[in-house]
file start-v1.cif (mmCIF, C-alpha atoms)
data_upload
loop_
_atom_site.label_atom_id
_atom_site.label_comp_id
_atom_site.auth_asym_id
_atom_site.auth_seq_id
_atom_site.Cartn_x
_atom_site.Cartn_y
_atom_site.Cartn_z
CA MET A 91 -50.95 -36.50 -27.34
CA ARG A 92 -52.69 -39.76 -26.46
CA GLU A 93 -51.93 -41.58 -23.21
CA ILE A 94 -51.34 -45.33 -23.06
CA LEU A 95 -50.07 -47.81 -20.50
CA TYR A 96 -46.35 -48.54 -20.23
CA ARG A 97 -47.03 -52.17 -21.14
CA GLU A 98 -49.09 -51.07 -24.15
CA ALA A 99 -46.11 -49.03 -25.29
CA ILE A 100 -43.96 -52.16 -25.12
CA ILE A 101 -46.50 -54.11 -27.19
CA GLU A 102 -46.65 -51.32 -29.77
CA ALA A 103 -42.87 -51.23 -30.12
CA LEU A 104 -42.67 -54.99 -30.60
CA ASP A 105 -45.58 -54.97 -33.05
CA GLU A 106 -44.17 -52.14 -35.16
CA GLU A 107 -40.68 -53.62 -35.31
CA MET A 108 -41.98 -57.09 -36.20
CA ALA A 109 -44.07 -55.56 -38.99
CA ARG A 110 -41.09 -53.53 -40.23
CA ASP A 111 -38.50 -56.32 -40.16
CA GLY A 112 -39.24 -59.99 -40.75
CA SER A 113 -36.06 -61.04 -38.95
CA VAL A 114 -37.44 -59.81 -35.60
CA PHE A 115 -39.00 -62.54 -33.48
CA LEU A 116 -39.83 -63.07 -29.82
CA LEU A 117 -39.00 -65.90 -27.46
CA GLY A 118 -39.60 -66.45 -23.76
CA GLU A 119 -41.70 -68.19 -21.17
CA ASP A 120 -45.50 -67.83 -21.56
CA ILE A 121 -45.22 -65.05 -24.15
CA ALA A 122 -47.49 -66.66 -26.77
CA GLU A 123 -51.06 -67.70 -25.84
CA PHE A 124 -50.79 -66.23 -22.35
CA GLY A 125 -49.43 -62.91 -23.63
CA GLY A 126 -46.55 -62.75 -21.16
CA SER A 127 -46.44 -62.80 -17.38
CA TYR A 128 -46.99 -59.03 -17.37
CA LYS A 129 -49.13 -59.01 -20.54
CA THR A 130 -46.49 -57.29 -22.66
CA THR A 131 -46.92 -59.56 -25.70
CA VAL A 132 -50.73 -59.70 -25.86
CA GLY A 133 -52.08 -60.13 -29.39
CA LEU A 134 -48.74 -60.73 -31.08
CA LEU A 135 -49.15 -64.51 -31.45
CA GLU A 136 -52.44 -64.03 -33.27
CA LYS A 137 -50.87 -61.48 -35.60
CA TYR A 138 -47.49 -63.07 -36.33
CA GLY A 139 -47.91 -66.77 -35.55
CA ALA A 140 -45.99 -69.31 -33.52
CA GLU A 141 -42.86 -69.09 -35.69
CA ARG A 142 -42.22 -65.51 -34.58
CA VAL A 143 -43.76 -65.58 -31.07
CA ARG A 144 -42.18 -68.61 -29.47
CA ASN A 145 -42.92 -70.08 -26.07
CA THR A 146 -39.81 -71.60 -24.49
CA PRO A 147 -39.17 -74.12 -21.73
CA ILE A 148 -38.32 -72.81 -18.29
CA SER A 149 -34.65 -72.53 -19.12
CA GLU A 150 -33.01 -69.13 -19.05
CA GLN A 151 -29.79 -70.59 -20.43
CA GLY A 152 -31.75 -72.06 -23.32
CA ILE A 153 -33.58 -68.78 -24.00
CA ILE A 154 -30.41 -66.70 -24.18
CA GLY A 155 -28.41 -69.37 -26.01
CA THR A 156 -31.15 -69.68 -28.64
CA ALA A 157 -31.33 -65.89 -29.00
CA LEU A 158 -27.57 -65.65 -29.54
CA GLY A 159 -27.52 -68.49 -32.04
CA SER A 160 -30.37 -66.87 -33.96
CA ALA A 161 -28.58 -63.53 -34.01
CA LEU A 162 -25.42 -65.15 -35.32
CA VAL A 163 -27.28 -66.34 -38.43
CA GLY A 164 -28.90 -62.97 -39.11
CA MET A 165 -32.09 -62.87 -37.05
CA ARG A 166 -32.97 -60.11 -34.58
CA PRO A 167 -34.40 -61.94 -31.56
CA VAL A 168 -36.08 -60.27 -28.59
CA ALA A 169 -35.68 -62.65 -25.66
CA GLU A 170 -37.66 -62.19 -22.47
CA LEU A 171 -36.43 -63.22 -19.02
CA MET A 172 -39.43 -63.17 -16.74
CA TYR A 173 -37.47 -61.58 -13.86
CA ILE A 174 -34.04 -59.98 -13.78
CA ASP A 175 -33.33 -62.25 -10.80
CA PHE A 176 -33.41 -65.23 -13.19
CA SER A 177 -30.63 -63.74 -15.27
CA ALA A 178 -28.29 -65.27 -12.68
CA VAL A 179 -29.10 -68.67 -14.20
CA ALA A 180 -27.96 -67.44 -17.63
CA MET A 181 -24.96 -65.33 -16.64
CA ASP A 182 -22.46 -67.42 -18.58
CA GLN A 183 -24.52 -67.02 -21.74
CA ILE A 184 -25.04 -63.29 -21.21
CA VAL A 185 -21.61 -62.28 -19.91
CA ASN A 186 -19.25 -64.73 -21.60
CA GLN A 187 -21.07 -65.27 -24.89
CA VAL A 188 -23.58 -62.55 -25.84
CA ALA A 189 -21.39 -59.67 -24.64
CA LYS A 190 -18.14 -60.96 -26.14
CA VAL A 191 -18.87 -62.73 -29.43
CA ARG A 192 -18.83 -59.69 -31.70
CA TYR A 193 -15.54 -58.49 -30.22
CA MET A 194 -13.90 -61.92 -30.34
CA PHE A 195 -14.81 -62.34 -34.01
CA GLY A 196 -13.48 -58.91 -34.95
CA GLY A 197 -16.92 -57.49 -35.63
CA LYS A 198 -17.79 -60.14 -38.21
CA ALA A 199 -20.35 -61.93 -36.00
CA ASN A 200 -23.86 -60.49 -35.75
CA THR A 201 -25.11 -60.01 -32.19
CA SER A 202 -28.23 -57.94 -32.82
CA LEU A 203 -30.38 -59.15 -29.96
CA VAL A 204 -32.40 -57.67 -27.13
CA ILE A 205 -32.86 -59.21 -23.70
CA ARG A 206 -36.01 -57.81 -22.11
CA THR A 207 -36.46 -58.35 -18.40
CA GLN A 208 -38.35 -56.99 -15.41
CA GLY A 209 -36.71 -55.63 -12.27
CA GLY A 210 -37.62 -53.86 -9.08
CA ALA A 211 -39.86 -54.40 -6.07
CA GLY A 212 -43.32 -53.30 -4.96
CA ARG A 213 -45.47 -56.41 -5.51
CA SER A 214 -44.48 -58.49 -2.48
CA SER A 215 -42.68 -60.89 -4.79
CA ALA A 216 -39.99 -61.55 -2.16
CA ALA A 217 -36.22 -61.71 -2.36
CA GLN A 218 -35.83 -63.86 -5.47
CA HIS A 219 -38.26 -61.91 -7.68
CA ALA A 220 -37.78 -58.25 -6.74
CA GLN A 221 -34.14 -57.29 -7.12
CA SER A 222 -32.53 -54.40 -8.95
CA LEU A 223 -29.41 -55.87 -10.53
CA GLU A 224 -28.68 -53.40 -13.31
CA ALA A 225 -25.16 -52.70 -12.01
CA TRP A 226 -24.16 -56.28 -12.85
CA PHE A 227 -24.73 -55.68 -16.54
CA VAL A 228 -23.39 -52.13 -16.75
CA HIS A 229 -20.10 -53.61 -15.56
CA VAL A 230 -19.82 -55.92 -18.59
CA PRO A 231 -18.11 -54.51 -21.71
CA GLY A 232 -20.08 -55.38 -24.83
CA LEU A 233 -23.57 -54.86 -23.43
CA LYS A 234 -25.75 -51.80 -23.76
CA VAL A 235 -28.10 -51.32 -20.81
CA VAL A 236 -31.40 -49.45 -21.09
CA MET A 237 -33.81 -48.64 -18.23
CA PRO A 238 -36.86 -46.60 -19.33
CA SER A 239 -39.05 -44.85 -16.75
CA SER A 240 -42.01 -43.80 -18.91
CA ALA A 241 -44.26 -45.25 -21.58
CA ARG A 242 -42.82 -42.93 -24.22
CA ASP A 243 -39.25 -43.85 -23.36
CA ALA A 244 -40.12 -47.55 -23.21
CA LYS A 245 -41.52 -47.55 -26.73
CA GLY A 246 -38.92 -45.31 -28.35
CA LEU A 247 -35.95 -46.98 -26.70
CA LEU A 248 -37.18 -50.53 -27.36
CA LYS A 249 -37.49 -49.71 -31.05
CA ALA A 250 -33.93 -48.38 -31.00
CA ALA A 251 -32.71 -51.45 -29.11
CA ILE A 252 -34.21 -53.86 -31.65
CA ARG A 253 -32.51 -51.98 -34.49
CA ASP A 254 -29.14 -51.81 -32.73
CA ASP A 255 -26.31 -54.02 -33.96
CA ASP A 256 -25.06 -54.64 -30.42
CA PRO A 257 -26.75 -56.71 -27.70
CA VAL A 258 -29.02 -54.60 -25.50
CA PHE A 259 -30.10 -55.52 -21.97
CA PHE A 260 -33.49 -53.81 -21.61
CA ILE A 261 -34.79 -53.48 -18.03
CA GLU A 262 -38.44 -52.66 -17.37
CA HIS A 263 -39.93 -52.07 -13.91
CA LYS A 264 -42.87 -54.27 -13.00
CA LEU A 265 -44.70 -51.44 -11.19
CA LEU A 266 -44.54 -49.18 -14.25
CA TYR A 267 -46.53 -51.48 -16.54
CA LEU A 268 -49.86 -50.03 -15.44
CA GLU A 269 -48.74 -46.39 -15.45
CA ARG A 270 -50.07 -44.18 -18.22
CA GLY A 271 -47.98 -41.76 -20.20
CA ALA A 272 -48.10 -39.61 -23.30
CA VAL A 273 -46.84 -41.47 -26.38
CA PRO A 274 -46.96 -40.02 -29.91
CA GLU A 275 -48.89 -41.98 -32.53
CA GLU A 276 -46.27 -41.23 -35.16
CA GLU A 277 -43.06 -43.23 -35.10
CA GLU A 278 -40.47 -42.10 -32.58
CA VAL A 279 -37.14 -43.88 -32.14
CA ILE A 280 -35.30 -42.54 -29.09
CA PRO A 281 -31.50 -42.78 -29.47
CA ILE A 282 -29.66 -45.01 -27.04
CA GLY A 283 -27.19 -43.01 -24.96
CA VAL A 284 -29.17 -39.79 -24.58
CA ALA A 285 -30.40 -38.67 -21.14
CA GLU A 286 -33.48 -36.51 -20.61
CA VAL A 287 -33.97 -33.60 -18.23
CA LYS A 288 -37.39 -34.49 -16.87
CA ARG A 289 -37.63 -31.28 -14.83
CA GLU A 290 -35.44 -28.20 -14.88
CA GLY A 291 -34.15 -26.65 -11.67
CA SER A 292 -31.36 -24.55 -10.21
CA ASP A 293 -30.63 -25.59 -6.60
CA LEU A 294 -29.83 -29.29 -6.85
CA THR A 295 -29.52 -32.08 -9.43
CA ILE A 296 -31.32 -35.38 -8.90
CA VAL A 297 -30.22 -38.26 -11.13
CA ALA A 298 -32.83 -41.01 -10.92
CA THR A 299 -33.51 -44.28 -12.72
CA SER A 300 -36.62 -46.34 -13.46
CA SER A 301 -39.28 -46.14 -10.73
CA MET A 302 -37.28 -43.54 -8.82
CA VAL A 303 -37.80 -40.99 -11.61
CA GLY A 304 -41.49 -40.61 -10.79
CA LYS A 305 -40.76 -40.51 -7.07
CA SER A 306 -38.09 -37.86 -7.64
CA LEU A 307 -40.44 -35.74 -9.73
CA ALA A 308 -43.03 -35.95 -6.95
CA ALA A 309 -40.38 -34.97 -4.42
CA ALA A 310 -39.26 -32.03 -6.58
CA LYS A 311 -42.85 -30.81 -6.85
CA GLU A 312 -43.28 -30.92 -3.07
CA LEU A 313 -39.92 -29.23 -2.45
CA GLU A 314 -40.91 -26.45 -4.82
CA ASN A 315 -43.42 -25.36 -2.17
CA GLU A 316 -40.45 -24.82 0.15
CA GLY A 317 -38.66 -22.69 -2.42
CA VAL A 318 -36.27 -25.46 -3.50
CA SER A 319 -35.70 -25.90 -7.23
CA CYS A 320 -34.63 -29.44 -8.18
CA GLU A 321 -33.49 -30.54 -11.62
CA VAL A 322 -34.40 -34.17 -12.31
CA ILE A 323 -32.42 -36.14 -14.89
CA ASP A 324 -33.26 -39.60 -16.18
CA PRO A 325 -30.22 -41.17 -17.91
CA ARG A 326 -32.59 -43.65 -19.63
CA THR A 327 -29.52 -45.52 -20.86
CA LEU A 328 -27.11 -46.68 -18.16
CA PHE A 329 -24.55 -47.64 -20.79
CA PRO A 330 -23.63 -45.87 -22.97
CA LEU A 331 -24.09 -43.02 -20.51
CA ASP A 332 -24.84 -39.41 -21.43
CA THR A 333 -22.25 -37.91 -19.11
CA GLU A 334 -22.43 -34.40 -20.55
CA THR A 335 -26.09 -33.84 -19.68
CA ILE A 336 -25.46 -34.90 -16.08
CA LEU A 337 -22.25 -32.90 -15.68
CA ALA A 338 -23.81 -29.78 -17.20
CA SER A 339 -26.59 -29.96 -14.63
CA VAL A 340 -24.20 -30.51 -11.71
CA ARG A 341 -22.08 -27.56 -12.83
CA LYS A 342 -25.23 -25.46 -12.88
CA THR A 343 -26.72 -26.48 -9.52
CA GLY A 344 -23.62 -27.35 -7.48
CA ARG A 345 -25.31 -30.29 -5.74
CA LEU A 346 -25.92 -33.89 -6.79
CA LEU A 347 -28.26 -36.51 -5.35
CA ILE A 348 -28.40 -39.94 -7.00
CA THR A 349 -31.28 -42.31 -6.36
CA HIS A 350 -31.99 -45.86 -7.48
CA GLU A 351 -33.92 -48.82 -6.13
CA ALA A 352 -30.86 -51.06 -5.85
CA VAL A 353 -28.83 -51.15 -2.66
CA GLN A 354 -26.18 -48.46 -2.35
CA ARG A 355 -23.07 -50.64 -2.08
CA CYS A 356 -21.48 -50.98 -5.54
CA GLY A 357 -24.71 -49.72 -7.07
CA TRP A 358 -24.86 -47.97 -10.42
CA GLY A 359 -25.04 -44.60 -8.64
CA ALA A 360 -21.46 -45.02 -7.44
CA GLU A 361 -20.29 -44.61 -11.04
CA ILE A 362 -22.19 -41.32 -11.35
CA ALA A 363 -20.76 -40.12 -8.05
CA ALA A 364 -17.21 -40.97 -9.14
CA MET A 365 -17.71 -39.24 -12.48
CA ALA A 366 -19.06 -36.07 -10.85
CA ALA A 367 -16.29 -36.06 -8.22
CA LYS A 368 -13.69 -36.26 -10.98
CA ASP A 369 -15.17 -33.99 -13.66
CA ALA A 370 -17.25 -31.49 -11.68
CA PHE A 371 -15.46 -31.39 -8.32
CA ASP A 372 -14.80 -27.65 -8.35
CA TYR A 373 -18.52 -26.98 -8.87
CA LEU A 374 -19.79 -29.05 -5.93
CA ASP A 375 -21.05 -27.09 -2.91
CA ALA A 376 -21.91 -30.17 -0.85
CA PRO A 377 -20.96 -33.85 -0.63
CA ILE A 378 -22.72 -36.09 -3.16
CA GLU A 379 -25.72 -37.90 -1.68
CA ARG A 380 -27.17 -41.31 -2.59
CA VAL A 381 -30.72 -42.44 -1.77
CA CYS A 382 -30.98 -46.20 -2.26
CA ALA A 383 -32.55 -49.35 -0.86
CA LYS A 384 -31.57 -50.54 2.59
CA GLU A 385 -28.89 -53.22 2.82
CA THR A 386 -31.06 -56.34 2.93
CA PRO A 387 -32.72 -58.83 0.59
CA VAL A 388 -36.15 -57.55 -0.43
CA PRO A 389 -38.71 -58.70 2.17
CA PHE A 390 -41.97 -60.47 1.29
CA SER A 391 -44.00 -58.46 3.83
CA PRO A 392 -45.55 -55.41 2.12
CA LYS A 393 -44.78 -53.16 5.10
CA LEU A 394 -41.19 -54.31 5.32
CA GLU A 395 -40.78 -54.07 1.55
CA SER A 396 -41.99 -50.47 1.51
CA TYR A 397 -39.60 -49.71 4.38
CA VAL A 398 -36.62 -51.13 2.49
CA ILE A 399 -37.30 -49.51 -0.90
CA PRO A 400 -36.64 -45.74 -1.19
CA ASP A 401 -39.64 -43.50 -1.74
CA LYS A 402 -40.51 -39.84 -2.31
CA ASP A 403 -40.00 -38.95 1.34
CA ASP A 404 -36.51 -40.47 1.34
CA VAL A 405 -35.60 -38.29 -1.64
CA ILE A 406 -37.00 -35.21 0.09
CA ALA A 407 -35.03 -36.00 3.24
CA GLY A 408 -31.87 -36.43 1.19
CA VAL A 409 -32.38 -33.09 -0.53
CA ARG A 410 -33.06 -31.26 2.73
CA GLY A 411 -29.93 -32.75 4.28
CA MET A 412 -27.81 -31.56 1.38
CA LEU A 413 -29.19 -28.04 1.48
CA GLU A 414 -28.28 -27.82 5.14
CA THR A 415 -24.65 -28.62 4.28
CA VAL A 416 -22.46 -25.53 4.10
#

call {"tool": "encode", "arguments": {"input": "start-v1.cif", "output": "structure tokens"}}
result
Amino acid sequence: MREILYREAIIEALDEEMARDGSVFLLGEDIAEFGGSYKTTVGLLEKYGAERVRNTPISEQGIIGTALGSALVGMRPVAELMYIDFSAVAMDQIVNQVAKVRYMFGGKANTSLVIRTQGGAGRSSAAQHAQSLEAWFVHVPGLKVVMPSSARDAKGLLKAAIRDDDPVFFIEHKLLYLERGAVPEEEEVIPIGVAEVKREGSDLTIVATSSMVGKSLAAAKELENEGVSCEVIDPRTLFPLDTETILASVRKTGRLLITHEAVQRCGWGAEIAAMAAKDAFDYLDAPIERVCAKETPVPFSPKLESYVIPDKDDVIAGVRGMLETV
């Protein structure tokens, strides 16, 4: 299977869906001539024109409001917010309009739209451009939340998101754009709501999201040299959540470690921990562990940033601590 960049997978998904369906169009800041701040829309203006690849003013409220209005009259917009941090400016539009319109109109209103955004740290972008805020949106009924960790998942899930009749909040990680991964040339639409076991194991379950999936796989490989077998699960979709895949793994291994780049307090991992404590309590041989960012805004300093954000060694330490628990 060929290998392409994560950002190339995004471009391919957008290209294929725009070619398939004339109601799909893109809007966002600098997505046309410039090709996007992270070059995820390169070449699409030349192919589809300014009517379907639309630069917008620097107005997140305007971007999301326009996307919703377009969806209500039958279009399938893909709106880009340059950073997930900037979603705070458009929270009324996202939470009180996009997420609720279909419900409030008894299903008669069309809300087929995708909000693409970039989250996570690792580029010294500082506290207002490097947050992991996915838990905000998982908490809102009416939104589907997708968080792909690989090029293959990014392409397949974005295609599914564009075709979905509900609004989808699609979170990409800025450090993953330049990572290569195997992506089939034939069409592959990955269903929303299906987790993937990225690595099978028997001693402990690691549930990881986004950038932490790769770090967890690296940790599992290193721990294998110590005779520890870790199963790594990527939910891929935070809502709807594939609970059965996660619970089946926990029942098999008896231990659960959850890792994400967001801070621990009220993070998305707390929902997984609560679910496992309720539905797999009798199978647990140790307390549930969470490996998350330290409780601070993301620093600008590269050294401080790397200290705050969890890495492979933090996952390994968490696993070792759990295995020592009797």

call {"tool": "resolve_selection", "arguments": {"input": "start-v1.cif", "expression": "the PyMOL selection byres ((chain A and resi 94) around 8)", "output": "PyMOL selection string"}}
result
chain A and resi 92-93+95-96+98-99+241+270-273

call {"tool": "write_last_selection", "arguments": {"input": "start-v1.cif", "atoms": "C-alpha atoms", "output": "compact mmCIF listing (two decimals), keeping the file's coordinate frame"}}
result
# COMPACT_ATOMS: atom_id res chain seq x y z
CA ARG A 92 -52.69 -39.76 -26.46
CA GLU A 93 -51.93 -41.58 -23.21
CA LEU A 95 -50.07 -47.81 -20.50
CA TYR A 96 -46.35 -48.54 -20.23
CA GLU A 98 -49.09 -51.07 -24.15
CA ALA A 99 -46.11 -49.03 -25.29
CA ALA A 241 -44.26 -45.25 -21.58
CA ARG A 270 -50.07 -44.18 -18.22
CA GLY A 271 -47.98 -41.76 -20.20
CA ALA A 272 -48.10 -39.61 -23.30
CA VAL A 273 -46.84 -41.47 -26.38

call {"tool": "resolve_selection", "arguments": {"input": "start-v1.cif", "expression": "the PyMOL selection byres ((chain A and resi 277) around 12)", "output": "ChimeraX atom specification"}}
result
/A:99,102-103,106-107,110,242,245-247,249-250,273-276,278-280

call {"tool": "closest_residue", "arguments": {"input": "start-v1.cif", "among": "A:Asn186, A:Ser339, A:Ser240, A:Ser222", "to": "Gln354 (chain A)", "atoms": "all atoms listed in the file"}}
result
A:Ser222

call {"tool": "atom_distance", "arguments": {"input": "start-v1.cif", "atom1": "CA of Ile184 (chain A)", "atom2": "CA of Ala161 (chain A)"}}
result
13.3 Å

call {"tool": "closest_residue", "arguments": {"input": "start-v1.cif", "among": "A:Glu385, A:Asp375, A:Glu123, A:Glu262", "to": "Ile174 (chain A)", "atoms": "only C-alpha atoms"}}
result
A:Glu262

call {"tool": "resolve_selection", "arguments": {"input": "start-v1.cif", "expression": "the PyMOL selection byres ((chain A and resi 194-204) around 6)", "output": "ChimeraX atom specification"}}
result
/A:161-162,166-168,191-193,205,255-258

call {"tool": "residues_around", "arguments": {"input": "start-v1.cif", "residues": "Ala367 (chain A)", "least_positions_apart": "6", "cutoff": "12 Å", "atoms": "only C-alpha atoms", "output": "PDB file with C-alpha atoms, in the coordinates of the input"}}
result
ATOM      1  CA  LEU A 337     -22.250 -32.900 -15.680  1.00  0.00           C
ATOM      2  CA  VAL A 340     -24.200 -30.510 -11.710  1.00  0.00           C
ATOM      3  CA  ARG A 341     -22.080 -27.560 -12.830  1.00  0.00           C
ATOM      4  CA  GLY A 344     -23.620 -27.350  -7.480  1.00  0.00           C
ATOM      5  CA  ARG A 345     -25.310 -30.290  -5.740  1.00  0.00           C
ATOM      6  CA  LEU A 346     -25.920 -33.890  -6.790  1.00  0.00           C
ATOM      7  CA  ALA A 360     -21.460 -45.020  -7.440  1.00  0.00           C
ATOM      8  CA  GLU A 361     -20.290 -44.610 -11.040  1.00  0.00           C
ATOM      9  CA  TYR A 373     -18.520 -26.980  -8.870  1.00  0.00           C
ATOM     10  CA  LEU A 374     -19.790 -29.050  -5.930  1.00  0.00           C
ATOM     11  CA  ASP A 375     -21.050 -27.090  -2.910  1.00  0.00           C
ATOM     12  CA  ALA A 376     -21.910 -30.170  -0.850  1.00  0.00           C
ATOM     13  CA  PRO A 377     -20.960 -33.850  -0.630  1.00  0.00           C
ATOM     14  CA  ILE A 378     -22.720 -36.090  -3.160  1.00  0.00           C
ATOM     15  CA  GLU A 379     -25.720 -37.900  -1.680  1.00  0.00           C
TER      16      GLU A 379
END

call {"tool": "residues_around", "arguments": {"input": "start-v1.cif", "residues": "Asp105 (chain A)", "least_positions_apart": "5", "cutoff": "10 Å", "atoms": "all atoms listed in the file", "output": "PDB file with C-alpha atoms, in the coordinates of the input"}}
result
ATOM      1  CA  ALA A  99     -46.110 -49.030 -25.290  1.00  0.00           C
ATOM      2  CA  ILE A 100     -43.960 -52.160 -25.120  1.00  0.00           C
ATOM      3  CA  ARG A 110     -41.090 -53.530 -40.230  1.00  0.00           C
ATOM      4  CA  VAL A 114     -37.440 -59.810 -35.600  1.00  0.00           C
ATOM      5  CA  THR A 131     -46.920 -59.560 -25.700  1.00  0.00           C
ATOM      6  CA  GLY A 133     -52.080 -60.130 -29.390  1.00  0.00           C
ATOM      7  CA  LEU A 134     -48.740 -60.730 -31.080  1.00  0.00           C
ATOM      8  CA  LYS A 137     -50.870 -61.480 -35.600  1.00  0.00           C
ATOM      9  CA  TYR A 138     -47.490 -63.070 -36.330  1.00  0.00           C
ATOM     10  CA  LYS A 249     -37.490 -49.710 -31.050  1.00  0.00           C
TER      11      LYS A 249
END

call {"tool": "atom_distance", "arguments": {"input": "start-v1.cif", "atom1": "CA of Thr386 (chain A)", "atom2": "CA of Leu233 (chain A)"}}
result
27.4 Å

call {"tool": "atom_distance", "arguments": {"input": "start-v1.cif", "atom1": "CA of Gly408 (chain A)", "atom2": "CA of Ile348 (chain A)"}}
result
9.6 Å

call {"tool": "residues_around", "arguments": {"input": "start-v1.cif", "residues": "Arg355 (chain A)", "least_positions_apart": "3", "cutoff": "12 Å", "atoms": "only C-alpha atoms", "output": "list in words"}}
result
Leu223, Ala225, His350, Glu351, Ala352, Trp358, Gly359, Ala360, Glu361, Arg380, Val381, Cys382, Ala383, Lys384, Glu385 and Thr386 of chain A

call {"tool": "closest_residue", "arguments": {"input": "start-v1.cif", "among": "A:Glu136, A:Asp175, A:Glu119, A:Glu224", "to": "Ile153 (chain A)", "atoms": "all atoms listed in the file"}}
result
A:Glu119

call {"tool": "decode", "arguments": {"input": "start-v1.cif", "residues": "region 141-161 of chain A", "atoms": "N, CA and C atoms", "output": "PDB file, in the first residue's frame"}}
result
ATOM      1  N   GLU A 141     -15.888  29.680  -6.232  1.00  0.00           N
ATOM      2  CA  GLU A 141     -17.231  29.465  -5.716  1.00  0.00           C
ATOM      3  C   GLU A 141     -17.269  28.332  -4.699  1.00  0.00           C
ATOM      4  N   ARG A 142     -16.369  27.356  -4.863  1.00  0.00           N
ATOM      5  CA  ARG A 142     -16.408  26.176  -3.991  1.00  0.00           C
ATOM      6  C   ARG A 142     -15.222  26.110  -3.028  1.00  0.00           C
ATOM      7  N   VAL A 143     -14.241  26.986  -3.202  1.00  0.00           N
ATOM      8  CA  VAL A 143     -13.129  27.095  -2.244  1.00  0.00           C
ATOM      9  C   VAL A 143     -13.052  28.560  -1.857  1.00  0.00           C
ATOM     10  N   ARG A 144     -13.696  28.902  -0.761  1.00  0.00           N
ATOM     11  CA  ARG A 144     -13.959  30.299  -0.423  1.00  0.00           C
ATOM     12  C   ARG A 144     -13.102  30.795   0.745  1.00  0.00           C
ATOM     13  N   ASN A 145     -12.290  31.800   0.466  1.00  0.00           N
ATOM     14  CA  ASN A 145     -11.615  32.502   1.557  1.00  0.00           C
ATOM     15  C   ASN A 145     -12.642  33.309   2.343  1.00  0.00           C
ATOM     16  N   THR A 146     -12.458  33.365   3.652  1.00  0.00           N
ATOM     17  CA  THR A 146     -13.374  34.133   4.499  1.00  0.00           C
ATOM     18  C   THR A 146     -12.620  35.218   5.250  1.00  0.00           C
ATOM     19  N   PRO A 147     -13.315  36.199   5.766  1.00  0.00           N
ATOM     20  CA  PRO A 147     -12.688  37.149   6.696  1.00  0.00           C
ATOM     21  C   PRO A 147     -12.249  36.427   7.971  1.00  0.00           C
ATOM     22  N   ILE A 148     -11.479  37.116   8.773  1.00  0.00           N
ATOM     23  CA  ILE A 148     -11.055  36.564  10.062  1.00  0.00           C
ATOM     24  C   ILE A 148     -12.220  36.726  11.034  1.00  0.00           C
ATOM     25  N   SER A 149     -13.168  35.820  10.911  1.00  0.00           N
ATOM     26  CA  SER A 149     -14.377  35.877  11.735  1.00  0.00           C
ATOM     27  C   SER A 149     -14.910  34.468  11.908  1.00  0.00           C
ATOM     28  N   GLU A 150     -14.551  33.849  13.016  1.00  0.00           N
ATOM     29  CA  GLU A 150     -14.998  32.484  13.256  1.00  0.00           C
ATOM     30  C   GLU A 150     -16.519  32.388  13.355  1.00  0.00           C
ATOM     31  N   GLN A 151     -17.145  33.396  13.945  1.00  0.00           N
ATOM     32  CA  GLN A 151     -18.604  33.406  13.996  1.00  0.00           C
ATOM     33  C   GLN A 151     -19.198  33.440  12.596  1.00  0.00           C
ATOM     34  N   GLY A 152     -18.587  34.242  11.725  1.00  0.00           N
ATOM     35  CA  GLY A 152     -19.055  34.337  10.352  1.00  0.00           C
ATOM     36  C   GLY A 152     -18.869  33.036   9.589  1.00  0.00           C
ATOM     37  N   ILE A 153     -17.725  32.369   9.813  1.00  0.00           N
ATOM     38  CA  ILE A 153     -17.441  31.109   9.127  1.00  0.00           C
ATOM     39  C   ILE A 153     -18.484  30.058   9.487  1.00  0.00           C
ATOM     40  N   ILE A 154     -18.725  29.891  10.784  1.00  0.00           N
ATOM     41  CA  ILE A 154     -19.650  28.846  11.222  1.00  0.00           C
ATOM     42  C   ILE A 154     -21.089  29.230  10.892  1.00  0.00           C
ATOM     43  N   GLY A 155     -21.431  30.492  11.048  1.00  0.00           N
ATOM     44  CA  GLY A 155     -22.786  30.927  10.696  1.00  0.00           C
ATOM     45  C   GLY A 155     -23.075  30.720   9.221  1.00  0.00           C
ATOM     46  N   THR A 156     -22.099  31.032   8.370  1.00  0.00           N
ATOM     47  CA  THR A 156     -22.269  30.832   6.930  1.00  0.00           C
ATOM     48  C   THR A 156     -22.402  29.346   6.609  1.00  0.00           C
ATOM     49  N   ALA A 157     -21.590  28.521   7.268  1.00  0.00           N
ATOM     50  CA  ALA A 157     -21.658  27.072   7.036  1.00  0.00           C
ATOM     51  C   ALA A 157     -23.038  26.537   7.417  1.00  0.00           C
ATOM     52  N   LEU A 158     -23.553  26.971   8.556  1.00  0.00           N
ATOM     53  CA  LEU A 158     -24.874  26.492   8.982  1.00  0.00           C
ATOM     54  C   LEU A 158     -25.960  26.957   8.019  1.00  0.00           C
ATOM     55  N   GLY A 159     -25.927  28.214   7.649  1.00  0.00           N
ATOM     56  CA  GLY A 159     -26.925  28.719   6.711  1.00  0.00           C
ATOM     57  C   GLY A 159     -26.893  27.972   5.392  1.00  0.00           C
ATOM     58  N   SER A 160     -25.691  27.649   4.918  1.00  0.00           N
ATOM     59  CA  SER A 160     -25.551  26.904   3.666  1.00  0.00           C
ATOM     60  C   SER A 160     -26.116  25.494   3.808  1.00  0.00           C
ATOM     61  N   ALA A 161     -25.848  24.875   4.954  1.00  0.00           N
ATOM     62  CA  ALA A 161     -26.369  23.523   5.177  1.00  0.00           C
ATOM     63  C   ALA A 161     -27.883  23.528   5.216  1.00  0.00           C
TER      64      ALA A 161
END
